[in-house]
Amino acid sequence: MSVDAERPPEIYDWETGFRVLGDLLNSRNGCVSTRALRNELEKNGVTDARDLCVALQFFDFESSSERTITPPQFRFYHLGRSFYSKEKYDQELKKLEREADHAGRDAERAVAEEVPSPRTNRQEEARLVTYVKGALEELYYSSDTTPEDKNYVFDVHSARAGSSFENVDLLAVHWRSRKVCDLVTVEVKLEFSAQVVHQALNYTRFSHRAWIAVPVETDENSELRERNPALFEYAISHGLGILACRRRQGGRYDVFPIHWPLRHQPLLLEEEEFLERYRNEFEEAGALEPRERNLFPRFR
């Protein structure tokens with residue numbers, strides 16, 4: 001993934017970045033938050049520390065465009081809000097797999113008496129939601145604006161808080177500044193179909209950006225377009241974002257964006273009802289004040 005097409009790799013102080021990151025991983029048992037790395041880089045005289053943190057987050061050891069950079073002698077990985085050593089990253093992946101399996105078992109119990117949807121599909125969708133949640137934490141983390149001590153991505157697929165086309169699978173709060181944020185919604189399905197597209201489009205009534213997340217068989221960005229050109233064009237022309245989910249060994253998924261969503265301006269009444277449906281999550285994110293304080297939300 002390219003960090004910034006307008007900024008060549010050599011503009012970053014890679015040597016300092018690698019050195020500081022390596023020292024922090026060694027001294028902190030293989031895990032360091034992005035915020036802590038940025039603070040340490042600034043102490044070491046890096047003036048564009050935020051940009052360097054983002055560049056490190058997406059640094060690709062195998063990319064031909066970055067072969068002119070002398071890589072460090074250690075491997076590092078990024079997930080959510082933190083950088084990891086190889087050992088700690090593998091531990092986090094196993095933890096994510098356990099969470100996904102647990103979500104699948106919960107889904108199986110929840111639909112034990114339901115007929116319409118095959119149990120195996122509901123299980124796998126619940127597992128997939130877990131991995132998409134991790135991807136959203138990557139996509140919407142900003143070391144400048146995201147509160148360090150608050151959650152901002154929530155798995156609400158089992159909440160069933162609204163009517164048929166209002167039950168989102170995931171919601172996120174994207175902080176555009178310290179006082180303004182966007183509502184983000186995601187619909188997760190095992191098939192790229194008209195149903196998932198129209199369901200996600202319905203979410204634009206009450207959220208600023210809407211994604212669909214569906215499995216793919218390859219890492220090619222063009223796969224879904226080639227699979228159903230008319231539906232793909234319809235989805236992106238109406239402003240939906242698309243997350244491709246490639247299944248890997250062991251049943252885990254790699255989730256990556258192949259098209260980013262446009263920003264919509266939801267209807268005020270629909271937005272307020274959506275905020276109330278998931279008030280607990282929005283209060284936890286710090287985006288909605290507790291009810292007793294009677295203050296306005298930060299979405300505009």
# chains A, B, ... in the order shown; residues from 1 in each chain; ligands from 1

$ residues_around --residues "Asp23 (chain A)" --least-positions-apart "2" --cutoff "12 Å" --atoms "only C-alpha atoms" --output "list in words"
Thr16, Gly17, Phe18, Arg19, Val20, Leu21, Leu25, Asn26, Ser27, Arg28, Asn29, Gly30, Cys31, Val32, Leu37, Glu40, Leu41, Pro72, Phe74, Phe76 and Ser85 of chain A

$ write_last_selection --atoms "N, CA and C atoms" --output "tab-separated table (two decimals), in the first residue's frame"
chain	number	residue	atom	x	y	z
A	16	THR	N	16.58	7.04	11.15
A	16	THR	CA	16.16	7.37	12.51
A	16	THR	C	14.92	6.57	12.89
A	17	GLY	N	13.99	6.46	11.96
A	17	GLY	CA	12.76	5.72	12.23
A	17	GLY	C	13.03	4.28	12.61
A	18	PHE	N	13.87	3.59	11.81
A	18	PHE	CA	14.20	2.20	12.10
A	18	PHE	C	14.93	2.07	13.44
A	19	ARG	N	15.87	2.99	13.69
A	19	ARG	CA	16.66	2.90	14.92
A	19	ARG	C	15.78	3.08	16.16
A	20	VAL	N	14.94	4.12	16.12
A	20	VAL	CA	14.09	4.40	17.28
A	20	VAL	C	13.07	3.29	17.48
A	21	LEU	N	12.48	2.81	16.40
A	21	LEU	CA	11.49	1.74	16.52
A	21	LEU	C	12.14	0.47	17.07
A	25	LEU	N	11.08	-1.39	20.57
A	25	LEU	CA	10.61	-2.78	20.59
A	25	LEU	C	11.47	-3.62	21.53
A	26	ASN	N	12.76	-3.37	21.52
A	26	ASN	CA	13.66	-4.12	22.41
A	26	ASN	C	13.40	-3.81	23.88
A	27	SER	N	13.13	-2.55	24.16
A	27	SER	CA	12.97	-2.14	25.55
A	27	SER	C	11.56	-2.35	26.09
A	28	ARG	N	10.61	-2.61	25.19
A	28	ARG	CA	9.21	-2.74	25.62
A	28	ARG	C	8.62	-4.10	25.27
A	29	ASN	N	9.46	-5.09	25.28
A	29	ASN	CA	8.99	-6.47	25.13
A	29	ASN	C	8.24	-6.70	23.82
A	30	GLY	N	8.70	-6.05	22.75
A	30	GLY	CA	8.17	-6.34	21.42
A	30	GLY	C	6.89	-5.66	21.05
A	31	CYS	N	6.47	-4.65	21.81
A	31	CYS	CA	5.22	-3.95	21.48
A	31	CYS	C	5.34	-2.49	21.88
A	32	VAL	N	5.04	-1.58	20.94
A	32	VAL	CA	5.09	-0.15	21.24
A	32	VAL	C	3.94	0.53	20.50
A	37	LEU	N	5.83	5.85	19.76
A	37	LEU	CA	6.86	5.95	18.73
A	37	LEU	C	6.96	7.38	18.22
A	40	GLU	N	8.77	9.59	20.69
A	40	GLU	CA	10.21	9.33	20.74
A	40	GLU	C	10.91	9.87	19.50
A	41	LEU	N	10.25	9.77	18.35
A	41	LEU	CA	10.83	10.32	17.13
A	41	LEU	C	11.00	11.84	17.24
A	72	PRO	N	16.02	-2.33	8.02
A	72	PRO	CA	16.67	-2.68	9.29
A	72	PRO	C	16.97	-4.16	9.34
A	74	PHE	N	15.92	-6.10	11.56
A	74	PHE	CA	14.82	-6.78	12.24
A	74	PHE	C	13.53	-6.54	11.46
A	76	PHE	N	9.44	-5.78	11.58
A	76	PHE	CA	8.43	-5.21	12.46
A	76	PHE	C	7.08	-5.25	11.74
A	85	SER	N	7.07	-6.76	17.32
A	85	SER	CA	8.10	-7.65	16.83
A	85	SER	C	7.41	-8.87	16.21

$ residues_around --residues "region 210-222 of chain A" --least-positions-apart "3" --cutoff "10 Å" --atoms "only C-alpha atoms" --output "JSON, numbers by chain"
{"A": [125, 128, 129, 132, 168, 169, 170, 171, 183, 184, 185, 186, 187, 188, 189, 190, 191, 192, 193, 196, 197, 198, 199, 200, 201, 202, 203, 204, 205, 206, 207, 225, 226, 227, 229, 232, 235, 239, 240, 241, 242, 243, 244, 245, 246, 247, 248, 253, 254, 255, 256, 257, 258, 259, 260, 261, 262, 263, 264]}

$ select_by_dssp --residues "region 72-288 of chain A" --states "strand (DSSP E or B)" --output "JSON, numbers by chain"
{"A": [76, 77, 78, 79, 82, 83, 84, 85, 153, 154, 155, 170, 171, 172, 173, 174, 175, 181, 182, 183, 184, 185, 186, 187, 188, 209, 210, 211, 212, 213, 214, 215, 216, 241, 242, 243, 244, 245, 246, 247, 253, 254, 255, 256, 257, 258, 259]}

$ write_last_selection --atoms "C-alpha atoms" --output "mmCIF file, in the first residue's frame"
data_model
loop_
_atom_site.group_PDB
_atom_site.id
_atom_site.type_symbol
_atom_site.label_atom_id
_atom_site.label_comp_id
_atom_site.auth_asym_id
_atom_site.auth_seq_id
_atom_site.Cartn_x
_atom_site.Cartn_y
_atom_site.Cartn_z
ATOM 1 C CA PHE A 76 8.427 -5.207 12.455
ATOM 2 C CA TYR A 77 4.674 -5.320 12.006
ATOM 3 C CA HIS A 78 1.750 -2.998 12.658
ATOM 4 C CA LEU A 79 -1.712 -3.888 13.911
ATOM 5 C CA SER A 82 0.791 -0.566 17.858
ATOM 6 C CA PHE A 83 3.984 -1.846 16.255
ATOM 7 C CA TYR A 84 5.099 -5.389 17.065
ATOM 8 C CA SER A 85 8.104 -7.652 16.831
ATOM 9 C CA VAL A 153 -14.420 0.559 16.206
ATOM 10 C CA PHE A 154 -17.271 -1.679 17.417
ATOM 11 C CA ASP A 155 -18.610 -5.080 16.415
ATOM 12 C CA LEU A 170 -19.581 -2.756 12.357
ATOM 13 C CA LEU A 171 -19.472 0.912 13.171
ATOM 14 C CA ALA A 172 -16.499 3.190 13.597
ATOM 15 C CA VAL A 173 -15.818 6.746 14.656
ATOM 16 C CA HIS A 174 -13.308 8.478 12.404
ATOM 17 C CA TRP A 175 -11.890 11.544 14.131
ATOM 18 C CA CYS A 181 -15.719 13.012 13.549
ATOM 19 C CA ASP A 182 -17.494 10.905 10.942
ATOM 20 C CA LEU A 183 -19.818 7.965 11.461
ATOM 21 C CA VAL A 184 -18.606 4.915 9.540
ATOM 22 C CA THR A 185 -20.682 1.778 8.908
ATOM 23 C CA VAL A 186 -19.834 -1.618 7.411
ATOM 24 C CA GLU A 187 -21.913 -4.472 6.011
ATOM 25 C CA VAL A 188 -20.154 -7.846 5.937
ATOM 26 C CA ARG A 209 -19.216 6.687 5.013
ATOM 27 C CA ALA A 210 -20.326 3.143 4.270
ATOM 28 C CA TRP A 211 -18.283 0.060 3.356
ATOM 29 C CA ILE A 212 -19.051 -3.432 2.189
ATOM 30 C CA ALA A 213 -16.666 -6.245 3.131
ATOM 31 C CA VAL A 214 -16.674 -9.470 1.108
ATOM 32 C CA PRO A 215 -14.278 -12.406 0.602
ATOM 33 C CA VAL A 216 -12.030 -12.633 -2.464
ATOM 34 C CA GLY A 241 -16.192 1.687 -0.089
ATOM 35 C CA ILE A 242 -15.122 -1.905 -0.678
ATOM 36 C CA LEU A 243 -13.002 -4.049 1.633
ATOM 37 C CA ALA A 244 -11.618 -7.233 0.085
ATOM 38 C CA CYS A 245 -11.106 -10.137 2.493
ATOM 39 C CA ARG A 246 -8.587 -12.772 1.371
ATOM 40 C CA ARG A 247 -8.751 -16.010 3.321
ATOM 41 C CA TYR A 253 -8.414 -13.195 6.679
ATOM 42 C CA ASP A 254 -6.260 -10.399 5.304
ATOM 43 C CA VAL A 255 -8.527 -7.375 4.813
ATOM 44 C CA PHE A 256 -7.547 -4.515 2.512
ATOM 45 C CA PRO A 257 -9.385 -1.600 0.871
ATOM 46 C CA ILE A 258 -9.786 -1.679 -2.894
ATOM 47 C CA HIS A 259 -12.028 1.381 -3.090
#

$ atom_distance --atom1 "CA of Gln265 (chain A)" --atom2 "CA of His208 (chain A)"
5.8 Å

$ residues_around --residues "Glu148 (chain A)" --least-positions-apart "3" --cutoff "10 Å" --atoms "only C-alpha atoms" --output "PyMOL selection string"
chain A and resi 33-35+81+141-145+151-152

$ closest_residue --among "A:Leu231, A:Ala194, A:Leu136, A:Ala285" --to "Gly80 (chain A)" --atoms "only C-alpha atoms"
A:Leu136

$ closest_residue --among "A:Arg160, A:Arg176, A:Arg50, A:Arg291" --to "Arg277 (chain A)" --atoms "only C-alpha atoms"
A:Arg160

$ atom_distance --atom1 "CA of Phe274 (chain A)" --atom2 "CA of Gly286 (chain A)"
15.8 Å

$ select_by_dssp --residues "region 129-249 of chain A" --states "alpha helix (DSSP H)" --output "PyMOL selection string"
chain A and resi 129-139+194-203+223-227+229-237
